[in-house]
Every structure is written in structure tokens, then in C-alpha cells.
file query-v3.csv (CSV, C-alpha atoms)
chain,number,residue,atom,x,y,z
A,11,MET,CA,105.3,83.4,92.7
A,12,SER,CA,106.9,83.2,96.1
A,13,THR,CA,110.6,84.2,96.5
A,14,ILE,CA,112.9,82.0,98.6
A,15,LEU,CA,116.3,83.2,99.8
A,16,LEU,CA,118.8,80.3,100.3
A,17,VAL,CA,121.7,81.1,102.6
A,18,GLU,CA,124.1,78.3,102.3
A,19,ASP,CA,127.9,78.2,101.9
A,20,ASN,CA,128.1,74.7,100.5
A,21,PRO,CA,127.9,75.1,96.6
A,22,HIS,CA,126.8,71.5,96.1
A,23,ILE,CA,123.9,71.8,98.6
A,24,MET,CA,123.0,75.2,97.2
A,25,LYS,CA,122.8,73.9,93.6
A,26,ILE,CA,120.6,71.0,94.6
A,27,ASN,CA,118.2,73.0,96.7
A,28,ALA,CA,118.0,75.9,94.2
A,29,GLU,CA,117.2,73.5,91.3
A,30,ALA,CA,114.6,71.6,93.4
A,31,LEU,CA,112.8,74.7,94.6
A,32,THR,CA,112.8,76.2,91.2
A,33,MET,CA,111.1,73.0,89.9
A,34,TYR,CA,108.5,73.5,92.7
A,35,GLY,CA,107.7,76.9,91.2
A,36,TYR,CA,109.6,79.2,93.5
A,37,GLU,CA,111.8,82.2,92.6
A,38,VAL,CA,115.2,81.4,94.3
A,39,LEU,CA,117.7,83.9,95.5
A,40,GLN,CA,121.1,82.7,96.6
A,41,ALA,CA,123.6,83.9,99.3
A,42,SER,CA,126.7,82.1,100.5
A,43,THR,CA,127.5,84.5,103.3
A,44,ALA,CA,125.8,86.5,106.0
A,45,GLN,CA,126.7,89.7,104.2
A,46,GLU,CA,125.3,88.5,100.9
A,47,CYS,CA,122.1,87.6,102.8
A,48,ARG,CA,121.8,91.2,104.2
A,49,GLN,CA,122.4,92.6,100.7
A,50,ALA,CA,119.7,90.3,99.1
A,51,MET,CA,117.2,91.2,101.8
A,52,GLY,CA,117.8,94.9,101.2
A,53,TRP,CA,117.1,95.0,97.5
A,54,HIS,CA,114.5,92.2,96.9
A,55,PRO,CA,111.3,91.3,98.8
A,56,VAL,CA,111.7,87.8,100.2
A,57,ASP,CA,108.8,85.5,101.3
A,58,LEU,CA,111.0,83.0,103.2
A,59,VAL,CA,114.6,82.5,104.2
A,60,VAL,CA,116.2,79.0,104.3
A,61,LEU,CA,119.2,79.6,106.6
A,62,ASP,CA,122.3,77.6,107.4
A,63,ILE,CA,123.9,78.1,110.8
A,64,MET,CA,127.6,77.7,110.0
A,65,LEU,CA,128.5,80.5,107.6
A,66,PRO,CA,132.0,81.7,106.7
A,67,ASP,CA,131.4,85.2,108.1
A,68,GLY,CA,129.1,84.7,111.0
A,69,ASN,CA,126.6,82.5,112.9
A,70,GLY,CA,123.2,81.9,111.4
A,71,VAL,CA,121.5,82.0,114.8
A,72,ALA,CA,122.8,85.6,115.3
A,73,LEU,CA,121.9,86.5,111.8
A,74,CYS,CA,118.3,85.2,112.4
A,75,ARG,CA,118.0,87.5,115.4
A,76,GLU,CA,119.3,90.4,113.3
A,77,LEU,CA,116.9,89.8,110.4
A,78,LYS,CA,113.9,89.4,112.7
A,79,THR,CA,114.5,93.0,114.1
A,80,GLN,CA,114.3,94.4,110.5
A,81,TYR,CA,111.9,92.1,108.5
A,82,HIS,CA,108.7,90.2,109.0
A,83,VAL,CA,109.8,87.1,107.2
A,84,PRO,CA,109.7,83.4,108.2
A,85,ILE,CA,113.0,81.7,108.6
A,86,LEU,CA,113.6,78.0,108.3
A,87,PHE,CA,116.9,76.7,109.6
A,88,LEU,CA,118.6,74.1,107.5
A,89,SER,CA,121.7,72.9,109.4
A,90,ALA,CA,124.0,70.0,110.1
A,91,LEU,CA,123.7,70.9,113.8
A,92,GLY,CA,120.8,68.6,114.7
A,93,GLU,CA,121.0,68.2,118.4
A,94,SER,CA,118.0,69.2,120.5
A,95,ARG,CA,119.9,72.1,122.0
A,96,ASP,CA,120.7,73.4,118.5
A,97,VAL,CA,117.0,73.2,117.5
A,98,VAL,CA,115.9,75.0,120.6
A,99,GLU,CA,118.5,77.7,120.2
A,100,GLY,CA,117.4,78.3,116.6
A,101,LEU,CA,113.7,78.5,117.4
A,102,ARG,CA,114.3,80.8,120.4
A,103,ALA,CA,116.3,83.1,118.2
A,104,GLY,CA,113.2,83.7,116.1
A,105,GLY,CA,113.4,80.8,113.7
A,106,ASP,CA,110.0,79.5,112.5
A,107,ASP,CA,111.1,76.0,111.6
A,108,TYR,CA,114.2,73.8,111.8
A,109,LEU,CA,115.3,70.9,109.5
A,110,ALA,CA,118.5,69.0,110.2
A,111,LYS,CA,120.9,67.7,107.5
A,112,PRO,CA,120.7,65.2,105.9
A,113,TYR,CA,117.1,65.8,104.8
A,114,ASP,CA,114.7,64.9,102.1
A,115,LEU,CA,114.0,67.5,99.4
A,116,GLU,CA,110.3,66.7,99.4
A,117,VAL,CA,110.2,67.3,103.2
A,118,LEU,CA,112.0,70.7,102.7
A,119,ALA,CA,109.6,71.7,100.0
A,120,ALA,CA,106.6,70.6,102.1
A,121,ARG,CA,107.9,72.6,105.2
A,122,ILE,CA,108.3,75.7,103.0
A,123,GLU,CA,104.9,75.2,101.5
A,124,ALA,CA,103.2,74.8,104.9
A,125,ARG,CA,104.9,77.9,106.3
A,126,LEU,CA,104.0,80.1,103.3
A,127,ARG,CA,100.4,78.8,103.5
A,128,GLN,CA,100.3,79.8,107.1
A,129,GLU,CA,101.6,83.3,106.2
A,130,ARG,CA,99.1,83.7,103.4
A,131,SER,CA,96.1,82.9,105.7
A,132,GLY,CA,95.7,86.7,106.0
A,133,SER,CA,95.8,89.4,103.3
A,134,ARG,CA,99.4,90.0,102.3
A,135,TYR,CA,99.3,93.5,100.8
A,136,ILE,CA,97.7,96.5,102.4
A,137,SER,CA,97.7,99.8,100.5
A,138,TYR,CA,97.0,103.4,101.6
A,139,GLY,CA,97.5,106.1,99.0
A,140,LYS,CA,100.9,105.4,97.4
A,141,LEU,CA,102.0,103.4,100.4
A,142,ARG,CA,102.0,99.6,100.1
A,143,LEU,CA,102.8,97.3,103.0
A,144,ASP,CA,103.8,93.7,102.5
A,145,THR,CA,102.7,91.9,105.6
A,146,LEU,CA,104.6,88.8,104.7
A,147,SER,CA,108.0,90.2,104.3
A,148,GLY,CA,107.6,93.2,106.5
A,149,ALA,CA,108.6,95.6,103.7
A,150,ALA,CA,107.0,99.0,103.0
A,151,PHE,CA,107.0,100.8,99.7
A,152,LEU,CA,106.2,104.3,98.8
A,153,GLY,CA,105.6,104.1,95.1
A,154,GLU,CA,108.5,101.9,94.0
A,155,GLU,CA,110.8,103.0,96.8
A,156,ASN,CA,111.6,100.6,99.6
A,157,LEU,CA,111.4,102.5,102.9
A,158,HIS,CA,113.6,100.0,104.7
A,159,LEU,CA,111.6,99.9,107.9
A,160,THR,CA,112.7,98.2,111.1
A,161,GLN,CA,110.3,95.6,112.6
A,162,LYS,CA,108.9,98.1,115.1
A,163,GLU,CA,108.6,100.8,112.5
A,164,PHE,CA,106.6,98.5,110.3
A,165,ALA,CA,104.4,97.4,113.2
A,166,VAL,CA,103.5,100.9,114.1
A,167,LEU,CA,102.9,102.0,110.5
A,168,LEU,CA,100.7,98.9,109.9
A,169,LEU,CA,98.6,99.8,113.0
A,170,LEU,CA,98.2,103.3,111.8
A,171,VAL,CA,97.2,102.2,108.3
A,172,HIS,CA,94.6,99.8,109.8
A,173,ARG,CA,93.2,102.8,111.6
A,174,ALA,CA,93.8,105.4,108.9
A,175,GLY,CA,92.0,108.7,109.5
A,176,LYS,CA,91.5,107.9,113.2
A,177,THR,CA,93.6,108.9,116.1
A,178,VAL,CA,95.4,105.9,117.7
A,179,SER,CA,96.3,106.6,121.3
A,180,LYS,CA,99.9,106.3,122.5
A,181,GLN,CA,98.7,103.8,125.0
A,182,GLU,CA,97.3,101.6,122.3
A,183,VAL,CA,100.5,101.8,120.2
A,184,LEU,CA,102.6,100.9,123.2
A,185,ARG,CA,100.3,98.0,124.1
A,186,GLU,CA,100.3,96.6,120.5
A,187,VAL,CA,103.9,97.1,119.6
A,188,TRP,CA,105.9,97.2,122.9
A,189,ASN,CA,103.5,95.0,124.8
A,190,THR,CA,103.1,97.5,127.6
A,191,GLY,CA,100.0,99.5,128.5
A,192,THR,CA,101.8,102.2,130.5
A,193,GLU,CA,103.1,105.6,129.3
A,194,ASP,CA,105.9,105.9,131.8
A,195,ASP,CA,108.5,106.5,129.0
A,196,THR,CA,107.2,107.4,125.5
A,197,ARG,CA,110.6,108.5,124.2
A,198,PRO,CA,111.1,105.4,122.1
A,199,LEU,CA,107.7,105.9,120.5
A,200,TRP,CA,108.4,109.6,119.9
A,201,THR,CA,111.7,108.7,118.3
A,202,LEU,CA,110.2,106.0,116.1
A,203,ILE,CA,107.4,108.3,114.9
A,204,SER,CA,110.0,110.9,114.0
A,205,ARG,CA,111.9,108.4,111.9
A,206,LEU,CA,108.7,107.3,110.2
A,207,ARG,CA,107.8,110.9,109.3
A,208,ARG,CA,111.2,111.4,107.7
A,209,LYS,CA,110.9,108.2,105.7
A,210,LEU,CA,107.4,109.2,104.5
A,211,ASN,CA,108.4,112.8,103.8
A,212,SER,CA,108.1,113.0,100.0
A,213,PRO,CA,106.3,115.6,97.8
A,214,GLU,CA,104.6,112.7,96.0
A,215,SER,CA,103.5,110.7,99.0
A,216,ARG,CA,100.8,113.1,100.3
A,217,ILE,CA,100.8,111.0,103.5
A,218,GLU,CA,101.2,112.5,107.0
A,219,ILE,CA,101.4,111.3,110.6
A,220,SER,CA,99.7,114.0,112.6
A,221,SER,CA,99.5,114.2,116.3
A,222,LYS,CA,97.9,116.2,119.1
A,223,ARG,CA,99.6,116.5,122.4
A,224,GLY,CA,98.6,113.8,124.7
A,225,ASP,CA,96.1,112.2,122.3
A,226,GLY,CA,98.1,110.0,119.9
A,227,TYR,CA,98.8,109.7,116.2
A,228,LYS,CA,96.7,109.7,113.1
A,229,LEU,CA,97.7,108.7,109.5
A,230,GLU,CA,96.0,110.7,106.8
A,231,LEU,CA,96.2,111.8,103.2
A,232,ILE,CA,96.9,115.5,102.6
call {"tool": "encode", "arguments": {"input": "query-v3.csv", "output": "C-alpha cells"}}
result
Amino acid sequence: MSTILLVEDNPHIMKINAEALTMYGYEVLQASTAQECRQAMGWHPVDLVVLDIMLPDGNGVALCRELKTQYHVPILFLSALGESRDVVEGLRAGGDDYLAKPYDLEVLAARIEARLRQERSGSRYISYGKLRLDTLSGAAFLGEENLHLTQKEFAVLLLLVHRAGKTVSKQEVLREVWNTGTEDDTRPLWTLISRLRRKLNSPESRIEISSKRGDGYKLELI
């Protein structure tokens, strides 16, 4: 069952959408503020976010940008702001779709279904030892513990898992994650690897990111 997070401050719209999506077979989480959205994303894996723009404690476009730096999750804007410039702003902020109010519930459900189908076109879960990566939500779990990775941390770890047991060069990591093939400044990568090592540091994990000076990084079981 896919989990949908509704971020909407209008209780009437929230009730209608929640009931409709529940009937379509989704698990529905609800948040009426940006802060409640952050809290929900932190404690429960989410497959898609339906996001209003005008929230009582912030702007949905800014919240979208924030979420996209921390989670690999599709975001569908649902807003009364339906001018072309509003749609463009939302999509450029990282939104994956945009539906203006008023709207048809069947259209909303179809948009959600289409987006989730696109996300499921590849394998969602990847495991390595006790490490499990959710490629749809961008969440990583060590056993039952959510590692709370940033988007770049998740991208680097996913690359290392795909190449587990083999050394991945710094140049390849920079090219795949930072979209640069140069090694002029590898400090961001070094800092990120240090954070990943701390998050993976557990007596039960038996997972290590090893490195050789100048060669790159390798994920392996110990």
C-alpha cells in the first residue's frame, strides 16, 4: 500500500481528499502546516506528497525545495494559485506535477497513480546486509533505524551499494552526484563520506566505507 502525505490547511478539503484517497486504497497521512509536514516526513516513509502552497507557517514552494534536498519523493502541488507563472515556479522548485483548484477528485487520483507508476518502474528497495534503501522515498534504514540521510548522502550511498565490494573512484562519485568530473575540490565529498560513516557506525551494522588515498571509496561487509 502506497502512503500519501496530504499537506493542506483547509480542513474541508483535507477531509474530502483523505476520504477519497483512502477509498482508492492509499494510506493517508495528514499535515496542516509546514512543520507538521516535516515531522511526518521524519517518522514515516512517504511515497508521494500532495502539497498546498499557501500554508499558515510558510510557503509550499519553499517547503518543496527543502524537502527535495532531504528526500527522494515525488511532490504534486495542489493549489488555488493556478496562473502559468505559479505552475512554472512550483515545477522549477522541484515539484513533479501541479494541479490547480478547483479540481476533479478522479483527476487527482489519476495523477497520483501515474506518478507512482512511474516511480515504480524500477526496483524500489535495495538491500545490503542490514542496510535497506528505499529508492522511492529516499530513506535509508539500518535494521529498523531511519538514518535520516540528505539527498546527496542517499545518492552517494546508493551508488556505493550498487557497486558494493568494488572501489568507486572519487571522480565517478563527483560525476554521478555533483555532476562534475573534476577533482578540484573534494572537500564536500570527504565531509559527506565522514557523515555517512558516522551514521553507519553501529556494532550491529557490520558495514564499512573503506578508502585508499587517491583511489576512491568501497562499501563492504566486515
call {"tool": "closest_residue", "arguments": {"input": "query-v3.csv", "among": "A:Ala72, A:Ile217, A:Ile63, A:Ala119", "to": "Gly92 of chain A", "atoms": "all atoms listed in the file"}}
result
A:Ile63
call {"tool": "residues_around", "arguments": {"input": "query-v3.csv", "residues": "Leu115 of chain A", "least_positions_apart": "6", "cutoff": "9 Å", "atoms": "only C-alpha atoms", "output": "PyMOL selection string"}}
result
chain A and resi 26-27+30-31
call {"tool": "closest_residue", "arguments": {"input": "query-v3.csv", "among": "A:Lys222, A:Lys78, A:Lys228, A:His172", "to": "Tyr135 of chain A", "atoms": "all atoms listed in the file"}}
result
A:His172
call {"tool": "residues_around", "arguments": {"input": "query-v3.csv", "residues": "Tyr34 of chain A", "least_positions_apart": "3", "cutoff": "12 Å", "atoms": "all atoms listed in the file", "output": "ChimeraX atom specification"}}
result
/A:11-14,27-31,37-38,115-116,118-120,122-123
call {"tool": "residues_around", "arguments": {"input": "query-v3.csv", "residues": "Arg130 of chain A", "least_positions_apart": "6", "cutoff": "12 Å", "atoms": "all atoms listed in the file", "output": "list in words"}}
result
Ser12, Asp57, Leu58, Val83, Pro84, Glu123, Ala124, Asp144, Thr145, Leu146 and Ser147 of chain A
call {"tool": "residues_around", "arguments": {"input": "query-v3.csv", "residues": "segment 100-110 of chain A", "least_positions_apart": "6", "cutoff": "9 Å", "atoms": "only C-alpha atoms", "output": "list in words"}}
result
Ile63, Gly70, Val71, Ala72, Cys74, Arg75, Lys78, Pro84, Ile85, Leu86, Phe87, Leu88, Ser89, Ala90, Leu91, Gly92, Glu93, Val117, Leu118, Arg121 and Arg125 of chain A
call {"tool": "atom_distance", "arguments": {"input": "query-v3.csv", "atom1": "atom CA of Ser212 of chain A", "atom2": "atom CA of Glu76 of chain A"}}
result
28.5 Å
call {"tool": "axis_aligned_box", "arguments": {"input": "query-v3.csv", "around": "segment 135-144 of chain A", "padding_each_side": "5 Å", "output": "JSON"}}
result
{"center_x": 100.4, "center_y": 99.8, "center_z": 100.2, "size_x": 16.8, "size_y": 22.6, "size_z": 15.6}
call {"tool": "residues_near_point", "arguments": {"input": "query-v3.csv", "point": "(112.1, 93.5, 96.4)", "cutoff": "12 Å", "atoms": "all atoms listed in the file", "output": "PyMOL selection string"}}
result
chain A and resi 12-15+37+39+49-57+144+147-151+154-158
call {"tool": "atom_distance", "arguments": {"input": "query-v3.csv", "atom1": "atom CA of Gln45 of chain A", "atom2": "atom CA of Asp62 of chain A"}}
result
13.3 Å
call {"tool": "atom_distance", "arguments": {"input": "query-v3.csv", "atom1": "atom CA of Gln161 of chain A", "atom2": "atom CA of Asn69 of chain A"}}
result
20.9 Å
